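Colleague: Just one file: start10.cif, with mmCIF, C-alpha atoms.
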```
data_coords
loop_
_atom_site.label_atom_id
_atom_site.label_comp_id
_atom_site.auth_asym_id
_atom_site.auth_seq_id
_atom_site.Cartn_x
_atom_site.Cartn_y
_atom_site.Cartn_z
CA MET A 1 93.04 155.97 94.14
CA ASN A 2 93.65 152.48 92.84
CA ALA A 3 91.91 149.42 94.15
CA SER A 4 95.03 147.94 95.75
CA VAL A 5 95.08 150.77 98.25
CA GLU A 6 91.55 150.03 99.34
CA THR A 7 92.12 146.30 99.69
CA ALA A 8 95.42 146.65 101.53
CA PRO A 9 95.62 145.44 105.13
CA VAL A 10 93.46 147.39 107.50
CA ASN A 11 95.13 149.57 110.12
CA THR A 12 95.73 148.57 113.71
CA ALA A 13 92.66 150.29 115.07
CA SER A 14 90.82 148.72 117.94
CA PRO A 15 87.61 146.84 117.08
CA THR A 16 85.44 149.67 118.39
CA SER A 17 87.21 152.46 116.53
CA LEU A 18 85.84 154.23 113.45
CA THR A 19 86.97 153.16 109.99
CA ASN A 20 89.90 155.19 108.80
CA GLY A 21 88.51 155.97 105.33
CA PRO A 22 87.21 159.49 106.01
CA ALA A 23 90.41 160.54 107.79
CA ALA A 24 92.55 159.06 105.02
CA ALA A 25 90.44 160.88 102.43
CA ALA A 26 90.94 164.20 104.23
CA VAL A 27 94.69 163.64 104.63
CA LEU A 28 95.27 162.58 101.03
CA ALA A 29 93.11 165.38 99.65
CA ALA A 30 95.10 167.93 101.67
CA GLY A 31 98.29 166.48 100.19
CA ILE A 32 96.87 166.70 96.68
CA GLY A 33 95.67 170.26 97.29
CA SER A 34 99.09 171.32 98.59
CA PHE A 35 100.83 169.76 95.62
CA ALA A 36 98.35 171.36 93.22
CA LEU A 37 99.07 174.73 94.80
CA GLY A 38 102.80 174.29 94.20
CA VAL A 39 102.39 173.10 90.62
CA LEU A 40 99.93 175.84 89.71
CA ALA A 41 102.13 178.50 91.34
CA VAL A 42 105.07 177.44 89.16
CA ALA A 43 102.88 177.13 86.06
CA GLY A 44 101.36 180.57 86.61
CA ASP A 45 104.81 182.04 87.03
CA LYS A 46 106.39 180.39 83.98
CA SER A 47 103.71 180.71 81.34
CA ALA A 48 102.37 184.03 80.14
CA LEU A 49 99.29 182.25 78.81
CA LEU A 50 98.52 180.62 82.15
CA LYS A 51 99.23 183.88 83.91
CA GLY A 52 96.40 185.40 81.91
CA TRP A 53 94.08 182.47 82.53
CA PHE A 54 94.74 182.54 86.24
CA THR A 55 93.83 186.20 86.55
CA PHE A 56 90.36 185.57 87.94
CA TYR A 57 90.37 188.87 89.82
CA LYS A 58 92.44 191.56 88.16
CA PRO A 59 93.59 193.51 91.24
CA THR A 60 95.03 190.31 92.75
CA GLY A 61 96.40 189.03 89.45
CA PRO A 62 97.33 185.38 88.77
CA LEU A 63 97.45 184.62 92.50
CA SER A 64 93.64 184.66 92.51
CA GLY A 65 93.39 181.90 89.91
CA VAL A 66 96.29 179.84 91.22
CA THR A 67 94.93 179.67 94.75
CA THR A 68 91.27 179.36 93.78
CA SER A 69 92.09 176.49 91.40
CA ALA A 70 94.18 174.73 94.05
CA VAL A 71 91.40 175.07 96.62
CA VAL A 72 88.82 173.76 94.13
CA ILE A 73 91.06 170.77 93.26
CA TRP A 74 91.53 170.08 96.98
CA LEU A 75 87.80 170.20 97.73
CA ILE A 76 86.81 168.09 94.70
CA CYS A 77 89.41 165.44 95.60
CA TRP A 78 88.29 165.49 99.23
CA GLY A 79 84.65 165.06 98.27
CA ALA A 80 85.40 162.25 95.82
CA LEU A 81 87.70 160.38 98.22
CA GLU A 82 85.32 160.86 101.13
CA TRP A 83 82.45 159.49 99.04
CA ARG A 84 84.53 156.48 98.01
CA TRP A 85 86.10 155.67 101.38
CA ARG A 86 83.39 156.85 103.77
CA LYS A 87 82.65 153.38 105.10
CA SER A 88 85.87 151.54 104.40
CA SER A 89 89.29 151.12 105.92
CA VAL A 90 92.31 151.78 103.74
CA SER A 91 96.06 151.39 104.00
CA ALA A 92 96.72 154.29 106.33
CA GLY A 93 100.50 154.06 106.20
CA ARG A 94 100.64 154.22 102.44
CA ILE A 95 98.06 157.00 102.18
CA SER A 96 99.81 159.05 104.86
CA ALA A 97 103.19 158.61 103.17
CA ILE A 98 101.80 159.69 99.79
CA ALA A 99 100.08 162.70 101.38
CA LEU A 100 103.23 163.81 103.20
CA VAL A 101 105.35 163.47 100.05
CA LEU A 102 102.80 165.58 98.15
CA LEU A 103 102.81 168.14 100.95
CA ALA A 104 106.62 168.31 100.91
CA LEU A 105 106.64 168.73 97.13
CA GLY A 106 104.00 171.42 97.34
CA LEU A 107 106.01 173.23 99.99
CA MET A 108 109.17 173.03 97.88
CA LEU A 109 107.46 174.23 94.72
CA THR A 110 106.24 177.38 96.43
CA PHE A 111 109.85 178.29 97.32
CA PRO A 112 110.98 180.72 94.57
CA PRO A 113 114.64 179.53 94.23
CA ILE A 114 113.42 175.98 93.57
CA ALA A 115 110.63 177.10 91.27
CA ASP A 116 113.10 179.24 89.31
CA VAL A 117 115.33 176.30 88.35
CA LEU A 118 112.43 174.26 86.94
CA MET B 1 102.51 206.36 121.71
CA PRO B 2 100.97 209.21 119.76
CA ASP B 3 102.21 209.78 116.26
CA GLU B 4 102.59 213.43 116.84
CA ALA B 5 102.25 215.82 119.76
CA VAL B 6 101.97 219.53 119.20
CA GLU B 7 102.09 222.12 121.94
CA TRP B 8 99.43 224.67 121.43
CA PRO B 9 101.27 227.95 122.00
CA ILE B 10 98.42 230.09 123.22
CA SER B 11 96.27 227.93 125.43
CA GLY B 12 99.09 225.81 126.88
CA LYS B 13 97.43 222.56 125.84
CA VAL B 14 98.87 219.56 124.06
CA ILE B 15 96.98 218.18 121.09
CA VAL B 16 97.71 214.51 120.58
CA PHE B 17 97.08 213.15 117.11
CA MET B 18 96.82 209.45 116.42
CA GLU B 19 95.49 208.38 113.08
CA ILE B 20 95.66 205.47 110.73
CA THR B 21 94.82 205.03 107.08
CA VAL B 22 92.26 202.52 105.90
CA ARG B 23 94.96 200.54 104.10
CA SER B 24 97.14 200.41 107.20
CA LEU B 25 94.15 199.30 109.25
CA TRP B 26 93.42 196.43 106.87
CA THR B 27 97.08 195.47 106.90
CA LEU B 28 96.86 195.34 110.70
CA ILE B 29 93.69 193.26 110.58
CA HIS B 30 95.33 190.89 108.10
CA GLY B 31 98.67 190.61 109.89
CA PHE B 32 97.77 190.91 113.55
CA GLY B 33 94.05 190.23 113.68
CA PHE B 34 94.29 187.03 111.66
CA GLY B 35 97.92 186.08 111.04
CA ALA B 36 99.57 186.68 114.40
CA LEU B 37 96.56 185.36 116.29
CA TYR B 38 96.68 182.23 114.15
CA LEU B 39 100.37 181.74 114.95
CA LEU B 40 99.65 182.13 118.65
CA ALA B 41 96.74 179.72 118.43
CA CYS B 42 98.86 177.24 116.48
CA SER B 43 101.32 176.61 119.27
CA GLY B 44 98.54 175.77 121.71
CA GLY B 45 96.49 173.89 119.14
CA ILE B 46 99.30 171.59 118.02
CA LEU B 47 100.29 170.87 121.61
CA GLU B 48 96.70 170.06 122.51
CA LEU B 49 96.23 167.87 119.43
CA TYR B 50 99.36 165.96 120.41
CA ARG B 51 98.34 165.70 124.06
CA SER B 52 94.85 164.48 123.19
CA THR B 53 95.75 161.96 120.53
CA ALA B 54 99.40 160.99 120.67
CA SER B 55 100.79 161.59 124.13
CA PRO B 56 101.77 158.33 125.89
CA ALA B 57 100.16 159.60 129.08
CA PRO B 58 96.97 161.41 128.06
CA THR B 59 95.12 163.43 130.63
CA PRO B 60 91.49 162.52 131.33
CA SER B 61 89.10 164.33 129.03
CA THR B 62 85.67 165.72 129.79
CA PRO B 63 82.94 166.51 127.26
CA ARG B 64 83.49 170.17 128.07
CA HIS B 65 87.17 169.83 127.20
CA GLU B 66 86.32 168.12 123.91
CA ILE B 67 83.92 170.90 123.00
CA PHE B 68 86.51 173.52 123.90
CA LEU B 69 89.11 171.89 121.66
CA ARG B 70 86.65 171.68 118.78
CA VAL B 71 85.75 175.36 119.10
CA TYR B 72 89.46 176.19 119.38
CA LEU B 73 90.25 174.32 116.16
CA ILE B 74 87.33 175.88 114.30
CA THR B 75 88.55 179.30 115.44
CA MET B 76 91.99 178.44 114.06
CA VAL B 77 90.42 177.49 110.73
CA VAL B 78 88.53 180.80 110.58
CA LEU B 79 91.70 182.75 111.44
CA ALA B 80 93.74 180.93 108.79
CA TRP B 81 91.19 181.52 106.05
CA GLY B 82 90.69 185.10 107.22
CA ALA B 83 94.42 185.72 106.95
CA VAL B 84 94.85 184.42 103.40
CA LEU B 85 91.62 185.86 102.02
CA SER B 86 92.14 189.33 103.51
CA GLY B 87 95.75 189.21 102.34
CA ALA B 88 95.05 188.10 98.78
CA TYR B 89 91.93 190.14 98.09
CA ILE B 90 92.26 193.27 100.21
CA VAL B 91 95.91 194.05 101.02
CA TYR B 92 97.77 192.43 98.11
CA PRO B 93 96.05 194.52 95.39
CA TRP B 94 97.31 197.66 97.15
CA TYR B 95 100.77 196.15 97.44
CA ARG B 96 101.07 195.20 93.77
CA ALA B 97 99.41 198.30 92.32
CA VAL B 98 101.33 199.63 89.32
CA PRO B 99 102.20 203.33 89.46
CA PRO B 100 100.78 205.37 86.59
CA PRO B 101 103.30 206.86 84.14
CA GLY B 102 104.94 209.91 85.62
CA ALA B 103 104.05 209.05 89.21
CA VAL B 104 106.54 210.65 91.56
CA ASN B 105 105.42 209.20 94.88
CA SER B 106 106.45 205.54 94.84
CA LEU B 107 105.65 205.21 98.55
CA MET B 108 102.08 204.43 97.49
CA TYR B 109 103.28 201.45 95.44
CA PRO B 110 105.12 199.06 97.80
CA GLN B 111 106.08 196.41 95.25
CA HIS B 112 107.43 199.04 92.89
CA LEU B 113 109.28 200.66 95.79
CA LEU B 114 110.94 197.37 96.79
CA MET B 115 111.86 196.50 93.21
CA SER B 116 113.42 199.91 92.59
CA ASN B 117 116.21 199.38 95.12
CA PRO B 118 118.79 196.56 94.88
CA SER B 119 118.97 196.35 98.66
CA THR B 120 115.24 195.66 99.01
CA ILE B 121 114.41 193.75 95.83
CA GLY B 122 114.77 190.40 97.61
CA TRP B 123 111.93 191.22 99.97
CA HIS B 124 109.67 191.01 96.94
CA SER B 125 111.38 188.46 94.68
CA LEU B 126 111.89 185.97 97.49
CA GLY B 127 109.75 187.17 100.38
CA MET B 128 106.47 188.12 98.76
CA GLU B 129 106.76 185.53 95.98
CA TRP B 130 107.09 182.80 98.62
CA LYS B 131 104.65 184.25 101.13
CA GLU B 132 101.80 184.74 98.69
CA HIS B 133 101.72 181.02 97.87
CA VAL B 134 103.05 179.17 100.91
CA SER B 135 100.58 180.88 103.23
CA TRP B 136 97.70 178.97 101.57
CA LEU B 137 99.11 175.71 102.91
CA ALA B 138 98.11 176.89 106.39
CA PRO B 139 94.31 176.97 105.94
CA ILE B 140 94.26 173.83 103.82
CA SER B 141 96.27 171.88 106.40
CA ILE B 142 94.51 173.15 109.51
CA THR B 143 91.05 172.66 107.96
CA MET B 144 91.95 169.03 107.35
CA ALA B 145 93.38 168.61 110.86
CA ALA B 146 90.32 170.19 112.46
CA TYR B 147 87.95 168.03 110.42
CA VAL B 148 89.76 164.82 111.30
CA PHE B 149 89.92 165.68 114.99
CA ILE B 150 86.29 166.76 115.16
CA ARG B 151 85.16 163.60 113.39
CA TYR B 152 87.40 161.16 115.28
CA GLY B 153 88.16 162.89 118.55
CA ARG B 154 90.26 160.73 120.85
CA ASP B 155 89.60 157.74 118.61
CA LEU B 156 92.43 159.17 116.52
CA ARG B 157 94.70 157.43 119.04
CA ASN B 158 93.74 154.20 117.33
CA HIS B 159 94.96 155.42 113.93
CA ARG B 160 98.66 155.92 114.56
CA GLN B 161 99.78 156.63 110.98
CA LEU B 162 96.95 158.99 110.14
CA ARG B 163 97.43 160.75 113.45
CA ALA B 164 101.11 161.31 112.61
CA ALA B 165 100.12 162.68 109.21
CA VAL B 166 97.54 165.04 110.72
CA LEU B 167 100.08 166.36 113.23
CA SER B 168 102.65 166.79 110.43
CA PHE B 169 100.17 168.82 108.38
CA ALA B 170 99.39 170.94 111.45
CA LEU B 171 103.12 171.57 111.94
CA VAL B 172 103.55 172.54 108.29
CA SER B 173 100.59 174.87 108.72
CA PHE B 174 102.43 176.54 111.59
CA VAL B 175 105.66 176.82 109.57
CA ALA B 176 103.83 178.20 106.52
CA ALA B 177 102.08 180.80 108.66
CA GLY B 178 105.40 181.66 110.28
CA VAL B 179 107.09 182.20 106.91
CA ALA B 180 104.18 184.35 105.75
CA GLY B 181 104.17 186.31 109.00
CA PHE B 182 107.91 186.94 108.98
CA PHE B 183 108.02 188.15 105.38
CA GLY B 184 104.82 190.10 105.81
CA ALA B 185 106.27 192.00 108.75
CA MET B 186 109.60 192.65 107.00
CA ILE B 187 107.97 193.74 103.74
CA ASN B 188 105.66 196.07 105.59
CA LYS B 189 108.67 197.48 107.44
CA ASN B 190 110.54 198.21 104.20
CA ALA B 191 107.58 199.27 102.10
CA PRO B 192 104.39 199.71 104.10
CA VAL B 193 101.02 199.64 102.44
CA GLN B 194 99.77 203.19 102.74
CA GLY B 195 97.01 205.43 101.56
CA GLY B 196 93.26 205.54 101.61
CA HIS B 197 91.06 207.51 103.94
CA THR B 198 92.47 208.56 107.26
CA ILE B 199 90.79 207.43 110.45
CA GLN B 200 91.28 209.54 113.57
CA LEU B 201 91.91 207.17 116.45
CA SER B 202 92.39 209.87 119.05
CA GLN B 203 92.57 213.61 119.28
CA ASN B 204 92.96 214.31 122.96
CA MET B 205 93.55 217.70 124.42
CA GLU B 206 95.46 217.59 127.66
CA ALA B 207 95.91 220.61 129.86
CA LEU B 208 99.49 221.26 130.84
CA GLY B 209 98.56 223.38 133.79
CA LYS B 210 100.63 226.30 132.62
#
```
With the file now loaded, output its structure as structure tokens.

Modeller:
Amino acid sequence: MNASVETAPVNTASPTSLTNGPAAAAVLAAGIGSFALGVLAVAGDKSALLKGWFTFYKPTGPLSGVTTSAVVIWLICWGALEWRWRKSSVSAGRISAIALVLLALGLMLTFPPIADVL
Amino acid sequence: MPDEAVEWPISGKVIVFMEITVRSLWTLIHGFGFGALYLLACSGGILELYRSTASPAPTPSTPRHEIFLRVYLITMVVLAWGAVLSGAYIVYPWYRAVPPPGAVNSLMYPQHLLMSNPSTIGWHSLGMEWKEHVSWLAPISITMAAYVFIRYGRDLRNHRQLRAAVLSFALVSFVAAGVAGFFGAMINKNAPVQGGHTIQLSQNMEALGK
């Protein structure tokens, strides 16, 4: 994430509360993972080439690669964000909004009628 | 209820057969053992997360209660991952198996069976296509929610926006599991996953007293 997010005003937590960095990292990473799942699901469905690439386990077909890749992206993002924000406070409102938008997009992209018009 | 009851004509006994195939058993484990249990746990889990971290009038908490909620959330995480992994890597391959050329029994190939009838094609093209992807939002979301709660506990009260986001993800997890559960049940009703070895669950012999 960009530096402006990290330097944005700190949340309204009480003085004794934990910094919000680790929670924000987990929330944002889950949003990214959900969005990645939606994007990869559409990509795997549209492209014959990607369909082949995503077939990590033949009996399950492209679903194996789509979901495994999304989970790997989610975990890598979570680890990286956690490492970066582990001791800092970030703009919780902005991070939460971004994460929820990504989640909503991910949810929409998994819905076949929406994916079909893309 | 037994699948089949046969009256033995000579001895006057009833032989009750109840059996299940390995594939049906795994479908049960996937759908009921993991999926339905996760949905049940979700309602309580989300309510408890809200009560602990967002309710305007929280109830007093004890260390024992905190531990219980942590174990409860970890159990939900295990159930969610169990549901998607057993679905994708055990049941789904049986569902999407392609019948060999000349195969006459399409009952063994549920996806093919659904696609062969205009009145059931939607259960695959909409139901399974949505279910197989949206269900993965459940474990991702609930893993995040459990991690945040376990790390922050009631201190999450002090992080209003993040708390709202965590609860939203938990709700989406519930919805995603609900969508997957609904379509899973309906697909299995229209084209059940069948085959594999048969397991005898019961073979009772009951005297009729004739």

Colleague: Expand the PyMOL selection byres ((chain A) within 8 of (chain B)) into the explicit residue set it covers here, and present it as number ranges by chain.

Modeller: A: 11-14, 17-18, 20, 22-24, 26-27, 30, 33-34, 37-38, 41, 59-60, 63-64, 67, 71, 92-93, 96-97, 99-100, 103, 107, 110-113

Colleague: Find the distance between CA of Thr75 (chain B) and CA of Phe34 (chain B) and write it in Å to one decimal.

Modeller: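 One can read the CA of Thr75 (chain B) to CA of Phe34 (chain B) distance as 10.3 Å.
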
Colleague: Record the distance separating CA of Gly79 (chain A) and CA of Ala29 (chain A), expressed in Å with one decimal.

Modeller: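 That distance, rounded to one decimal, is 8.6 Å.
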
Colleague: Out of B:Ser55, B:Ser86, B:Gln111, B:Gln200, which residue has the shortest atom-to-atom distance to Val98 (chain B) when counting all atoms listed in the file?

Modeller: B:Gln111

Colleague: Can you work out the spacing between CA of Ser69 (chain A) and CA of Phe54 (chain A) in Å, to one decimal?

Modeller: 8.4 Å

Colleague: Determine the residue membership of the PyMOL selection byres ((chain A and resi 81) around 10) for the file above and supply it as a PDB file with C-alpha atoms, keeping the file's coordinate frame.

Modeller:
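Result file follows (part_27.pdb):
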```pdb
ATOM      1  CA  MET A   1      93.040 155.970  94.140  1.00  0.00           C
ATOM      2  CA  GLY A  21      88.510 155.970 105.330  1.00  0.00           C
ATOM      3  CA  PRO A  22      87.210 159.490 106.010  1.00  0.00           C
ATOM      4  CA  ALA A  23      90.410 160.540 107.790  1.00  0.00           C
ATOM      5  CA  ALA A  24      92.550 159.060 105.020  1.00  0.00           C
ATOM      6  CA  ALA A  25      90.440 160.880 102.430  1.00  0.00           C
ATOM      7  CA  ALA A  26      90.940 164.200 104.230  1.00  0.00           C
ATOM      8  CA  LEU A  28      95.270 162.580 101.030  1.00  0.00           C
ATOM      9  CA  ALA A  29      93.110 165.380  99.650  1.00  0.00           C
ATOM     10  CA  LEU A  75      87.800 170.200  97.730  1.00  0.00           C
ATOM     11  CA  ILE A  76      86.810 168.090  94.700  1.00  0.00           C
ATOM     12  CA  CYS A  77      89.410 165.440  95.600  1.00  0.00           C
ATOM     13  CA  TRP A  78      88.290 165.490  99.230  1.00  0.00           C
ATOM     14  CA  GLY A  79      84.650 165.060  98.270  1.00  0.00           C
ATOM     15  CA  ALA A  80      85.400 162.250  95.820  1.00  0.00           C
ATOM     16  CA  GLU A  82      85.320 160.860 101.130  1.00  0.00           C
ATOM     17  CA  TRP A  83      82.450 159.490  99.040  1.00  0.00           C
ATOM     18  CA  ARG A  84      84.530 156.480  98.010  1.00  0.00           C
ATOM     19  CA  TRP A  85      86.100 155.670 101.380  1.00  0.00           C
ATOM     20  CA  ARG A  86      83.390 156.850 103.770  1.00  0.00           C
TER      21      ARG A  86
END
```

Colleague: Once the PyMOL selection byres ((chain B and resi 196) around 9) has been applied to the shown file, what residues remain in the selection, as a VMD selection string?

Modeller: chain B and resid 21 to 24 194 to 195 197 to 198

Colleague: For Lys51 (chain A), find every residue with an atom within 12 Å (counting all atoms listed in the file), except residues of its own chain fewer than 6 positions away, and show them as JSON, numbers by chain.

Modeller: {"A": [40, 41, 42, 43, 44, 45, 57, 58, 60, 61, 62, 63, 64, 65, 66]}

Colleague: Choose the residue, out of B:Pro56, B:Gly153, B:Pro118, B:Gly178, that has the smallest atom-to-atom separation from Ser43 (chain B); count only C-alpha atoms.

Modeller: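 Closest residue, counting only C-alpha atoms: B:Gly178.
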